[in-house]
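**Q** Next comes final24.txt, compact mmCIF, C-alpha atoms:
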# COMPACT_ATOMS: atom_id res chain seq x y z
CA MET A 1 9.61 -90.13 -14.20
CA THR A 2 8.98 -87.61 -11.42
CA GLY A 3 8.22 -87.59 -7.70
CA ASP A 4 8.90 -85.72 -4.48
CA PHE A 5 11.35 -88.32 -3.24
CA ASN A 6 13.19 -86.14 -0.68
CA ARG A 7 10.02 -84.68 0.88
CA ASN A 8 10.77 -81.00 0.24
CA GLY A 9 7.49 -80.10 -1.47
CA ARG A 10 8.77 -80.12 -5.06
CA GLU A 11 9.24 -82.99 -7.44
CA GLU A 12 12.54 -84.33 -8.68
CA LEU A 13 13.25 -85.80 -12.09
CA LEU A 14 14.48 -89.39 -12.06
CA TRP A 15 16.47 -90.02 -15.22
CA ILE A 16 17.11 -93.65 -16.19
CA ARG A 17 19.50 -94.36 -19.03
CA THR A 18 20.42 -97.77 -20.39
CA ASP A 19 24.14 -98.37 -19.98
CA GLN A 20 26.34 -100.27 -22.38
CA ASN A 21 27.38 -102.56 -19.54
CA ALA A 22 25.38 -105.78 -19.64
CA GLY A 23 22.10 -105.50 -17.75
CA MET A 24 22.99 -102.23 -16.02
CA ASN A 25 21.20 -98.90 -16.08
CA THR A 26 22.33 -95.49 -14.87
CA HIS A 27 19.90 -93.74 -12.52
CA ALA A 28 20.16 -90.09 -11.50
CA THR A 29 17.86 -87.51 -9.92
CA PHE A 30 17.81 -83.80 -10.73
CA GLU A 31 16.16 -80.95 -8.86
CA TYR A 32 15.18 -77.51 -10.17
CA ILE A 33 16.96 -75.06 -7.85
CA SER A 34 17.25 -71.29 -8.40
CA GLY A 35 16.45 -71.53 -12.09
CA ASN A 36 18.75 -74.48 -12.91
CA TRP A 37 18.51 -78.26 -12.94
CA SER A 38 21.10 -79.62 -10.51
CA PRO A 39 22.13 -83.26 -9.98
CA VAL A 40 21.13 -84.60 -6.56
CA TRP A 41 21.86 -88.32 -6.64
CA SER A 42 23.26 -91.01 -8.91
CA ASN A 43 23.95 -94.71 -8.64
CA LEU A 44 26.90 -94.61 -11.02
CA GLY A 45 29.63 -92.10 -11.86
CA GLY A 46 30.13 -88.44 -10.94
CA SER A 47 30.51 -86.60 -7.64
CA HIS A 48 27.00 -87.45 -6.43
CA VAL A 49 27.55 -91.21 -6.42
CA VAL A 50 25.98 -93.30 -3.67
CA ASN A 51 26.44 -97.04 -3.24
CA SER A 52 22.74 -97.53 -3.80
CA SER A 53 20.62 -100.64 -3.37
CA PHE A 54 18.36 -99.28 -6.12
CA ASP A 55 19.20 -102.21 -8.36
CA ALA A 56 15.81 -103.35 -9.64
CA VAL A 57 15.44 -101.12 -12.68
CA TYR A 58 16.31 -103.23 -15.69
CA SER A 59 14.71 -103.68 -19.07
CA GLY A 60 11.05 -104.62 -18.70
CA THR A 61 10.67 -103.24 -15.17
CA ARG A 62 7.79 -100.78 -14.61
CA LEU A 63 8.15 -98.04 -12.01
CA ILE A 64 5.12 -96.80 -10.04
CA VAL A 65 5.45 -93.65 -7.92
CA GLY A 66 3.27 -92.91 -4.90
CA ASP A 67 3.39 -91.84 -1.26
CA PHE A 68 2.21 -95.19 0.02
CA ASP A 69 3.08 -94.66 3.71
CA GLY A 70 1.85 -91.05 3.93
CA ASP A 71 5.15 -89.55 5.13
CA GLY A 72 5.09 -86.75 2.54
CA GLY A 73 7.69 -88.34 0.27
CA ASP A 74 7.08 -90.42 -2.83
CA ASP A 75 8.12 -94.06 -2.90
CA ILE A 76 9.06 -96.11 -5.97
CA LEU A 77 7.54 -99.49 -6.62
CA ALA A 78 9.68 -101.48 -9.10
CA VAL A 79 7.54 -104.10 -10.82
CA PRO A 80 9.52 -106.59 -12.95
CA GLN A 81 8.08 -109.04 -15.45
CA SER A 82 8.86 -111.78 -12.94
CA GLY A 83 10.42 -112.01 -9.50
CA LEU A 84 10.06 -109.82 -6.43
CA ILE A 85 8.25 -106.48 -6.54
CA LYS A 86 10.40 -104.01 -4.60
CA MET A 87 9.56 -100.70 -2.92
CA TYR A 88 12.29 -98.07 -2.49
CA LYS A 89 12.44 -94.93 -0.35
CA TYR A 90 14.86 -92.03 -0.59
CA ASP A 91 16.47 -91.87 2.85
CA ASN A 92 19.70 -90.24 4.05
CA GLY A 93 20.84 -89.43 0.53
CA ASP A 94 20.13 -92.78 -1.12
CA PHE A 95 17.31 -94.93 -2.47
CA VAL A 96 17.05 -97.86 -0.07
CA LEU A 97 15.03 -101.07 -0.28
CA HIS A 98 12.06 -100.65 2.06
CA HIS A 99 9.70 -103.51 1.27
CA THR A 100 9.37 -106.55 -1.01
CA ILE A 101 6.27 -108.24 -2.41
CA PRO A 102 6.77 -111.97 -3.12
CA SER A 103 4.92 -113.99 -5.75
CA GLY A 104 2.47 -115.36 -3.18
CA HIS A 105 1.24 -111.93 -2.08
CA ALA A 106 -2.30 -110.76 -2.97
CA VAL A 107 -0.84 -107.83 -4.98
CA TYR A 108 1.26 -110.03 -7.23
CA PRO A 109 -1.41 -111.27 -9.68
CA TYR A 110 -2.17 -107.61 -10.51
CA ARG A 111 1.45 -106.68 -11.31
CA GLU A 112 0.75 -105.86 -15.00
CA GLY A 113 -2.20 -103.63 -14.07
CA LEU A 114 -1.01 -101.65 -11.04
CA ALA A 115 -1.45 -97.88 -10.62
CA ALA A 116 -1.01 -95.48 -7.69
CA GLY A 117 -3.35 -92.72 -6.58
CA ASN A 118 -5.14 -91.12 -3.66
CA LEU A 119 -8.59 -92.68 -3.97
CA ASP A 120 -10.07 -91.86 -0.57
CA GLY A 121 -8.66 -88.39 0.16
CA GLY A 122 -6.35 -89.56 2.94
CA SER A 123 -2.72 -88.63 3.52
CA GLU A 124 -1.35 -91.65 1.66
CA ASP A 125 -1.70 -93.08 -1.84
CA GLU A 126 -3.35 -96.41 -2.50
CA LEU A 127 -2.23 -99.12 -4.91
CA LEU A 128 -4.91 -100.04 -7.44
CA GLY A 129 -4.77 -103.40 -9.18
CA HIS A 130 -6.90 -104.18 -12.25
CA ILE A 131 -7.17 -107.28 -14.44
CA GLU A 132 -9.14 -107.16 -17.67
CA ASN A 133 -12.41 -109.09 -17.25
CA GLY A 134 -11.32 -109.75 -13.68
CA TRP A 135 -11.26 -107.89 -10.40
CA THR A 136 -10.32 -104.30 -9.56
CA THR A 137 -8.82 -104.15 -6.07
CA ILE A 138 -7.43 -101.43 -3.77
CA PHE A 139 -4.46 -102.09 -1.48
CA LYS A 140 -3.20 -99.88 1.35
CA TYR A 141 0.29 -99.90 2.86
CA LEU A 142 -0.27 -100.44 6.59
CA ASN A 143 2.16 -101.58 9.29
CA GLY A 144 4.89 -102.36 6.77
CA ASN A 145 2.80 -104.34 4.30
CA PHE A 146 0.33 -103.87 1.44
CA VAL A 147 -3.04 -105.13 2.68
CA TRP A 148 -6.34 -105.74 0.92
CA PHE A 149 -8.64 -102.70 1.39
CA ASP A 150 -11.52 -103.03 -1.06
CA SER A 151 -12.47 -104.80 -4.29
CA ASP A 152 -15.29 -104.85 -6.82
CA GLN A 153 -14.79 -108.64 -7.11
CA GLY A 154 -15.31 -108.33 -10.84
CA THR A 155 -18.77 -106.74 -10.66
CA SER A 156 -18.15 -103.06 -11.54
CA SER A 157 -18.13 -101.32 -14.92
CA VAL A 158 -14.31 -101.17 -14.75
CA LYS A 159 -14.15 -104.92 -15.49
CA PRO A 160 -13.86 -104.92 -19.34
CA TYR A 161 -11.05 -102.36 -19.61
CA PRO A 162 -7.59 -103.62 -20.63
CA THR A 163 -5.01 -104.51 -17.99
CA GLY A 164 -2.63 -101.57 -17.53
CA SER A 165 -5.03 -99.04 -19.08
CA ILE A 166 -5.98 -97.07 -15.95
CA ARG A 167 -4.55 -93.60 -15.22
CA MET A 168 -5.07 -91.70 -11.95
CA ALA A 169 -5.60 -87.93 -11.52
CA ASP A 170 -7.77 -85.52 -9.54
CA VAL A 171 -9.60 -83.99 -12.48
CA ASP A 172 -12.69 -82.77 -10.58
CA ASP A 173 -10.99 -80.95 -7.68
CA ASP A 174 -12.53 -83.10 -4.93
CA GLY A 175 -9.21 -83.93 -3.23
CA LYS A 176 -9.29 -87.52 -4.50
CA ASP A 177 -7.94 -89.13 -7.63
CA GLU A 178 -10.31 -90.38 -10.28
CA MET A 179 -9.64 -93.35 -12.57
CA ILE A 180 -9.41 -92.77 -16.32
CA ALA A 181 -9.80 -96.13 -18.06
CA LEU A 182 -8.73 -96.32 -21.70
CA GLY A 183 -10.11 -99.10 -23.88
CA ASN A 184 -12.56 -99.14 -26.76
CA TRP A 185 -14.24 -96.46 -24.68
CA GLY A 186 -12.46 -93.82 -22.61
CA THR A 187 -14.28 -93.65 -19.26
CA LEU A 188 -13.91 -91.68 -16.03
CA PHE A 189 -14.68 -93.53 -12.78
CA ASN A 190 -15.04 -92.20 -9.23
CA TYR A 191 -14.41 -94.23 -6.09
CA ASP A 192 -17.09 -93.19 -3.58
CA ASN A 193 -18.62 -94.96 -0.60
CA GLY A 194 -16.85 -98.18 -1.44
CA ASN A 195 -18.02 -98.29 -5.07
CA PHE A 196 -16.48 -97.64 -8.48
CA SER A 197 -19.03 -95.37 -10.14
CA TRP A 198 -19.24 -94.22 -13.77
CA ALA A 199 -18.87 -90.42 -14.21
CA TRP A 200 -18.20 -89.76 -17.92
CA SER A 201 -17.39 -91.71 -21.07
CA THR A 202 -16.74 -91.35 -24.76
CA ASN A 203 -19.62 -93.84 -25.14
CA GLY A 204 -17.92 -95.41 -28.10
CA SER A 205 -17.47 -92.15 -30.00
CA ASN A 206 -14.18 -91.14 -31.63
CA SER A 207 -13.74 -88.06 -29.45
CA PHE A 208 -12.22 -87.52 -26.01
CA GLY A 209 -13.41 -83.94 -25.48
CA GLY A 210 -12.48 -83.20 -29.10
CA TRP A 211 -9.25 -85.24 -29.24
CA ASN A 212 -9.27 -88.21 -31.59
CA TYR A 213 -10.06 -91.41 -29.68
CA PRO A 214 -8.92 -94.15 -29.31
CA LEU A 215 -5.47 -92.63 -29.07
CA VAL A 216 -3.23 -93.42 -32.00
CA SER A 217 0.19 -94.95 -31.49
CA GLY A 218 2.61 -92.29 -30.24
CA ASP A 219 0.02 -89.90 -28.78
CA VAL A 220 0.94 -88.68 -25.28
CA MET A 221 -1.66 -88.24 -22.52
CA LEU A 222 -0.45 -86.34 -19.45
CA PHE A 223 -2.12 -85.03 -16.30
CA GLY A 224 -1.06 -82.01 -14.25
CA GLN A 225 -2.30 -78.96 -12.38
CA LEU A 226 -1.58 -76.32 -15.00
CA ASP A 227 -3.41 -73.24 -13.69
CA SER A 228 -4.58 -71.55 -10.49
CA ASP A 229 -7.22 -74.11 -9.50
CA THR A 230 -6.30 -77.37 -7.81
CA ARG A 231 -7.79 -79.80 -10.32
CA GLU A 232 -5.56 -81.54 -12.82
CA GLU A 233 -5.94 -80.93 -16.53
CA VAL A 234 -5.30 -83.48 -19.27
CA MET A 235 -2.81 -82.67 -22.01
CA PHE A 236 -2.66 -84.50 -25.34
CA ILE A 237 0.42 -84.25 -27.58
CA GLN A 238 1.03 -85.89 -30.93
CA ARG A 239 4.50 -87.25 -31.66
CA GLY A 240 6.41 -88.18 -34.79
CA ALA A 241 7.23 -86.73 -38.17
CA ALA A 242 3.58 -85.93 -38.98
CA ALA A 243 2.71 -84.44 -35.56
CA TYR A 244 0.76 -81.19 -35.76
CA TRP A 245 -1.46 -81.02 -32.68
CA ALA A 246 -1.35 -80.54 -28.90
CA ALA A 247 -4.17 -79.54 -26.57
CA THR A 248 -5.15 -79.14 -22.92
CA LEU A 249 -8.61 -79.89 -21.50
CA ASP A 250 -10.19 -79.67 -18.07
CA LEU A 251 -13.27 -81.35 -16.64
CA GLN A 252 -16.41 -79.27 -16.15
CA ILE A 253 -19.33 -80.37 -13.94
CA HIS A 254 -22.73 -78.75 -14.51
CA PRO A 255 -23.85 -77.11 -11.23
CA VAL A 256 -27.46 -78.27 -11.61
CA THR A 257 -27.45 -81.54 -13.55
CA GLY A 258 -24.02 -82.75 -12.44
CA ALA A 259 -23.23 -83.72 -16.04
CA HIS A 260 -19.51 -84.06 -16.83
CA SER A 261 -17.89 -82.62 -19.95
CA TRP A 262 -14.41 -81.63 -21.11
CA ASN A 263 -13.57 -77.98 -21.77
CA TRP A 264 -10.97 -77.25 -24.49
CA ASN A 265 -8.48 -74.77 -22.97
CA TRP A 266 -5.57 -74.45 -25.37
CA THR A 267 -4.40 -75.93 -28.62
CA ALA A 268 -1.47 -75.74 -31.02
CA ASN A 269 -3.15 -77.00 -34.18
CA ASN A 270 -1.64 -75.38 -37.25
CA ALA A 271 -2.50 -78.16 -39.70
CA ASN A 272 -4.58 -75.85 -41.86
CA ALA A 273 -1.78 -73.28 -41.97
CA GLY A 274 0.60 -75.84 -43.48
CA VAL A 275 3.23 -75.43 -40.76
CA HIS A 276 4.13 -77.55 -37.78
CA PRO A 277 2.92 -76.11 -34.46
CA TYR A 278 4.90 -75.30 -31.38
CA ILE A 279 4.40 -75.52 -27.63
CA ASN A 280 5.83 -72.07 -27.02
CA ASP A 281 9.16 -72.48 -28.89
CA TRP A 282 9.23 -76.31 -28.77
CA PRO A 283 8.43 -77.82 -32.19
CA ILE A 284 5.99 -80.71 -31.82
CA ASN A 285 7.27 -82.27 -35.02
CA ALA A 286 10.25 -84.38 -33.93
CA GLY A 287 11.38 -85.80 -37.26
CA THR A 288 13.11 -89.08 -36.46
CA SER A 289 14.24 -88.04 -32.95
CA PRO A 290 12.45 -89.75 -30.04
CA THR A 291 10.58 -87.23 -27.88
CA SER A 292 9.44 -87.60 -24.28
CA TYR A 293 7.17 -85.38 -22.19
CA VAL A 294 6.52 -85.33 -18.43
CA MET A 295 4.56 -83.11 -16.07
CA ILE A 296 6.53 -82.01 -13.01
CA GLN A 297 5.86 -79.75 -10.03
CA ALA A 298 9.41 -78.42 -10.12
CA GLU A 299 8.77 -75.53 -7.74
CA LYS A 300 6.96 -75.57 -4.40
CA TRP A 301 3.46 -74.04 -4.37
CA GLN A 302 3.52 -73.72 -8.16
CA PRO A 303 1.50 -75.53 -10.84
CA HIS A 304 2.98 -78.35 -12.87
CA TYR A 305 5.36 -77.52 -15.71
CA LEU A 306 5.79 -79.42 -18.97
CA LEU A 307 9.29 -80.87 -19.36
CA CYS A 308 10.25 -81.83 -22.93
CA PHE A 309 13.12 -84.12 -23.97
CA ARG A 310 14.46 -84.88 -27.41
CA ARG A 311 17.65 -86.64 -28.39
CA GLY A 312 19.94 -84.23 -30.22
CA THR A 313 21.46 -84.77 -33.64
CA CYS A 314 25.05 -83.92 -32.76
CA ALA A 315 27.69 -86.34 -31.44
CA PRO A 316 27.99 -87.88 -29.00
CA ASN A 317 24.51 -89.37 -29.04
CA THR A 318 24.11 -88.89 -25.28
CA LYS A 319 23.19 -85.26 -25.92
CA TYR A 320 19.58 -84.18 -25.42
CA LEU A 321 17.46 -81.13 -26.13
CA VAL A 322 15.56 -80.20 -22.96
CA SER A 323 13.12 -77.36 -22.30
CA MET A 324 10.54 -76.66 -19.58
CA TYR A 325 7.36 -74.62 -19.96
CA ARG A 326 4.66 -73.23 -17.72
CA SER A 327 1.07 -72.64 -18.74
CA GLU A 328 0.62 -68.96 -19.63
CA PRO A 329 -2.07 -67.13 -21.63
CA GLY A 330 -0.99 -66.66 -25.23
CA ALA A 331 2.15 -68.77 -24.82
CA ASN A 332 2.04 -70.38 -28.25
CA ARG A 333 4.57 -68.91 -30.67
CA SER A 334 6.88 -70.21 -33.37
CA ALA A 335 10.59 -70.04 -32.70
CA ASP A 336 13.51 -72.42 -32.55
CA ALA A 337 15.55 -71.99 -29.38
CA GLU A 338 16.36 -75.35 -27.82
CA ALA A 339 19.07 -76.00 -25.25
CA MET A 340 21.59 -78.81 -25.73
CA ILE A 341 22.59 -80.70 -22.58
CA THR A 342 23.88 -84.11 -21.59
CA ALA A 343 21.92 -86.51 -19.43
CA THR A 344 24.10 -85.64 -16.43
CA GLU A 345 24.49 -81.92 -16.93
CA GLU A 346 22.10 -79.19 -15.79
CA SER A 347 19.65 -77.94 -18.40
CA GLU A 348 19.02 -74.48 -19.67
CA VAL A 349 15.43 -73.70 -18.65
CA LYS A 350 13.68 -70.87 -20.42
CA GLU A 351 12.34 -68.15 -18.13
CA PRO A 352 10.58 -64.91 -18.99
CA SER A 353 13.28 -62.72 -17.47
CA SER A 354 16.24 -63.00 -15.11
CA TRP A 355 16.11 -61.65 -11.57
CA LYS A 356 18.12 -61.94 -8.41
CA ILE A 357 17.77 -61.58 -4.66
CA TYR A 358 20.67 -60.27 -2.61
CA PRO A 359 22.12 -60.65 -0.05
CA ASN A 360 21.03 -64.24 0.41
CA PRO A 361 21.18 -65.37 3.21
CA ALA A 362 19.98 -62.10 4.73
CA LYS A 363 19.28 -60.63 8.19
CA ASP A 364 17.51 -57.27 7.96
CA GLN A 365 16.86 -56.37 4.34
CA VAL A 366 17.16 -57.80 0.84
CA PHE A 367 17.05 -56.30 -2.63
CA ILE A 368 15.21 -57.81 -5.59
CA GLU A 369 16.40 -56.78 -9.03
CA TRP A 370 15.05 -57.64 -12.48
CA SER A 371 17.03 -57.41 -15.71
CA ASP A 372 13.83 -56.67 -17.65
CA PRO A 373 11.22 -55.44 -15.15
CA SER A 374 7.52 -55.33 -16.00
CA GLU A 375 5.41 -52.26 -15.35
CA GLU A 376 3.41 -54.10 -12.67
CA THR A 377 4.80 -56.94 -10.59
CA THR A 378 3.33 -58.70 -7.56
CA ILE A 379 5.70 -59.99 -4.90
CA ARG A 380 4.60 -62.77 -2.55
CA VAL A 381 6.66 -64.28 0.26
CA TYR A 382 5.77 -67.64 1.84
CA ASN A 383 7.30 -69.17 4.96
CA ALA A 384 8.38 -72.80 5.29
CA SER A 385 4.84 -73.81 6.30
CA GLY A 386 3.38 -72.35 3.13
CA ALA A 387 1.76 -69.36 4.87
CA LEU A 388 1.70 -66.06 2.97
CA VAL A 389 3.68 -63.47 4.96
CA LEU A 390 3.83 -60.69 2.34
CA GLN A 391 1.96 -59.69 -0.80
CA GLU A 392 2.69 -56.40 -2.50
CA ALA A 393 2.08 -54.95 -5.97
CA ILE A 394 5.05 -52.87 -7.13
CA SER A 395 6.27 -50.97 -10.17
CA ILE A 396 10.02 -51.05 -10.83
CA GLU A 397 12.01 -49.01 -13.31
CA SER A 398 14.83 -50.59 -15.29
CA GLY A 399 18.08 -50.65 -13.31
CA ARG A 400 16.32 -50.11 -9.97
CA ALA A 401 15.97 -52.68 -7.17
CA TYR A 402 13.06 -53.34 -4.84
CA LYS A 403 13.99 -53.18 -1.16
CA LEU A 404 12.34 -55.71 1.15
CA ASP A 405 12.48 -55.34 4.93
CA VAL A 406 12.92 -58.77 6.52
CA SER A 407 14.05 -57.63 9.97
CA SER A 408 10.89 -59.04 11.56
CA TYR A 409 11.09 -62.39 9.77
CA PRO A 410 12.11 -65.34 11.96
CA THR A 411 15.09 -67.44 10.94
CA GLY A 412 14.14 -69.92 8.26
CA VAL A 413 13.70 -70.68 4.57
CA TYR A 414 11.23 -68.60 2.55
CA GLN A 415 9.93 -68.70 -1.02
CA VAL A 416 9.76 -65.42 -2.93
CA VAL A 417 7.34 -65.45 -5.87
CA SER A 418 7.45 -62.78 -8.57
CA SER A 419 4.35 -62.56 -10.82
CA SER A 420 3.89 -60.26 -13.81
CA SER A 421 2.63 -60.30 -17.37
CA ALA A 422 5.93 -61.99 -18.29
CA GLY A 423 5.21 -64.99 -16.05
CA THR A 424 5.66 -66.32 -12.51
CA GLN A 425 9.02 -67.23 -10.98
CA THR A 426 10.11 -68.46 -7.56
CA LYS A 427 13.36 -68.15 -5.66
CA GLN A 428 14.43 -69.36 -2.25
CA LEU A 429 15.40 -66.83 0.44
CA ILE A 430 17.20 -67.79 3.65
CA ILE A 431 16.87 -65.58 6.74
CA THR A 432 19.48 -65.85 9.50
CA LYS A 433 19.65 -63.88 12.75
Reformat the file's structure so that it appears as structure tokens.

**A**
Amino acid sequence: MTGDFNRNGREELLWIRTDQNAGMNTHATFEYISGNWSPVWSNLGGSHVVNSSFDAVYSGTRLIVGDFDGDGGDDILAVPQSGLIKMYKYDNGDFVLHHTIPSGHAVYPYREGLAAGNLDGGSEDELLGHIENGWTTIFKYLNGNFVWFDSDQGTSSVKPYPTGSIRMADVDDDGKDEMIALGNWGTLFNYDNGNFSWAWSTNGSNSFGGWNYPLVSGDVMLFGQLDSDTREEVMFIQRGAAAYWAATLDLQIHPVTGAHSWNWNWTANNANAGVHPYINDWPINAGTSPTSYVMIQAEKWQPHYLLCFRRGTCAPNTKYLVSMYRSEPGANRSADAEAMITATEESEVKEPSSWKIYPNPAKDQVFIEWSDPSEETTIRVYNASGALVLQEAISIESGRAYKLDVSSYPTGVYQVVSSSSAGTQTKQLIITK
């Protein structure tokens, strides 16, 4: 699972691995820093150990991520099959217990159908509870407690959808999350003016914008901002030995009629060619190896990336194949170049080319050098507030470095973004005076 737990504007990966010790799991967070995944925190073993109170994650516990208090950092709601629901915050280098929800609380009856999302466009996420053929209710975290905010009291069109079937994502770029309910029908709902309103549906057909619906067992449905606009796209991926298809779609709204439809952006369907397709160089066909996919905003001010995990075939069995991909035009190609890592080691992340910034930290000037420069490259520099302080199109010959004058830059942390036909990459630059 992913979330911006430490409030730095980029999401971390929370890795949870079942331990051989009775009833215990190993939890660790990793952050993508300067082109590598680095361990940040762990509850067990290694140099990053903290004596954490994050003890609620056992078999059968669901984790829900959201910024419930609006402080800019994601919280974790641990929802067990029975017992207290616990909310954790990452504070001073550890996940600490912040709030508990007892069995008598109004949230508790919804525990099997909870989801988090920003439904009203505010600074914090809401907690949505849904019970099949029952009520759909919104809770807000106010003054240290989850309080009742709004409910359809069982009268809206959301009512018949299965408990636990609702996903949340801003697919129409309105600054608020929509609800995607998955049952016999797949339906998109808006929350506007205190009502849950119908926006789009499969209407009982077997197609979700061209993808077979209802989803078959093993199909993955992910949401993430994959391109330059701010709406989230949906990505479908098949899994298993017979997998041959992946696709991304985004929601289109007709400017006159307001009708909603899904636009097919990209696909890796090679079924007719008789070969298994790839997401870039990641083979969708997994054989007998379990495969997991997550969307993660690993870099600040960048779209979401697709992070792929597959258990390796070599001993010991704690080894995993891990790759991360960004959405790029024409990115689909067939190759086999997967990186082998352990669950507690940094991964090898594929990038279009290597580059470096030096000196770093810097005072007056820095040099940017590419190992395989493109003919045309655009350099952008953002300050810690996200403001663009430099944008320049350059052309660099092989073996030459680009000189950047930073003498007028105030002390602080900056993000340097390099964009070319090979892709977009970001590095951190520190200015000291």

**Q** Taking all atoms listed in the file into account, name the residue in A:Phe223, A:Tyr88, A:Phe236, A:Trp135 that is nearest to Glu178 of chain A.

**A**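 Result for the nearest residue to Glu178 of chain A: A:Phe223.
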
**Q** Find the distance between atom CA of Leu114 of chain A and atom CA of Leu127 of chain A and write it in Å to one decimal.

**A**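 It comes out at 6.7 Å.
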
**Q** Could you name the residues that touch Ile284 of chain A at 10 Å or less, counting only C-alpha atoms, but leaving out those on the same chain fewer than 2 positions away, as a list in words?

**A**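 Listing them by chain and then by number gives Ile237, Gln238, Arg239, Gly240, Ala241, Ala242, Ala243, Tyr244, Trp245, Ala246, Ala268, His276, Pro277, Tyr278, Ile279, Asn280, Asp281, Trp282, Ala286, Gly287, Thr291 and Cys308 of chain A.
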
**Q** Considering only C-alpha atoms, state which residue in the set A:Ser327, A:Asn145, A:Ser201, A:Asn118 is at the smallest distance from Val158 of chain A.

**A**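 Among the listed residues, A:Ser201 lies closest to Val158 of chain A.
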
**Q** Quick one: residues within 6 Å of Gln225 of chain A, only C-alpha atoms, excluding same-chain residues fewer than 2 positions away - as a list of chain:residue names?

**A**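 Here the qualifying residues turn out to be A:Asp227, A:Arg231, A:Glu232, A:Glu233, A:Pro303, A:His304.
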
**Q** Would you put the residues from that selection into a file with C-alpha atoms, as a short mmCIF file (atom, residue, chain, number, x, y, z; two decimals), in the coordinates of the input?

**A**
data_model
loop_
_atom_site.label_atom_id
_atom_site.label_comp_id
_atom_site.auth_asym_id
_atom_site.auth_seq_id
_atom_site.Cartn_x
_atom_site.Cartn_y
_atom_site.Cartn_z
CA ASP A 227 -3.41 -73.24 -13.69
CA ARG A 231 -7.79 -79.80 -10.32
CA GLU A 232 -5.56 -81.54 -12.82
CA GLU A 233 -5.94 -80.93 -16.53
CA PRO A 303 1.50 -75.53 -10.84
CA HIS A 304 2.98 -78.35 -12.87
#

**Q** To one decimal place, how far is atom CA of Tyr191 of chain A from atom CA of Leu119 of chain A in Å?

**A**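 Straight-line distance from atom CA of Tyr191 of chain A to atom CA of Leu119 of chain A works out to 6.4 Å.
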
**Q** Quote the spacing between atom CA of Ser261 of chain A and atom CA of Met1 of chain A in Å to one decimal place.

**A**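 Going from atom CA of Ser261 of chain A over to atom CA of Met1 of chain A covers 29.1 Å.
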
**Q** Skip Tyr325 of chain A itself and residues of its chain fewer than 2 positions away, then list as number ranges by chain all residues within 7 Å of it, counting all atoms listed in the file.

**A** A: 305-307, 323, 327
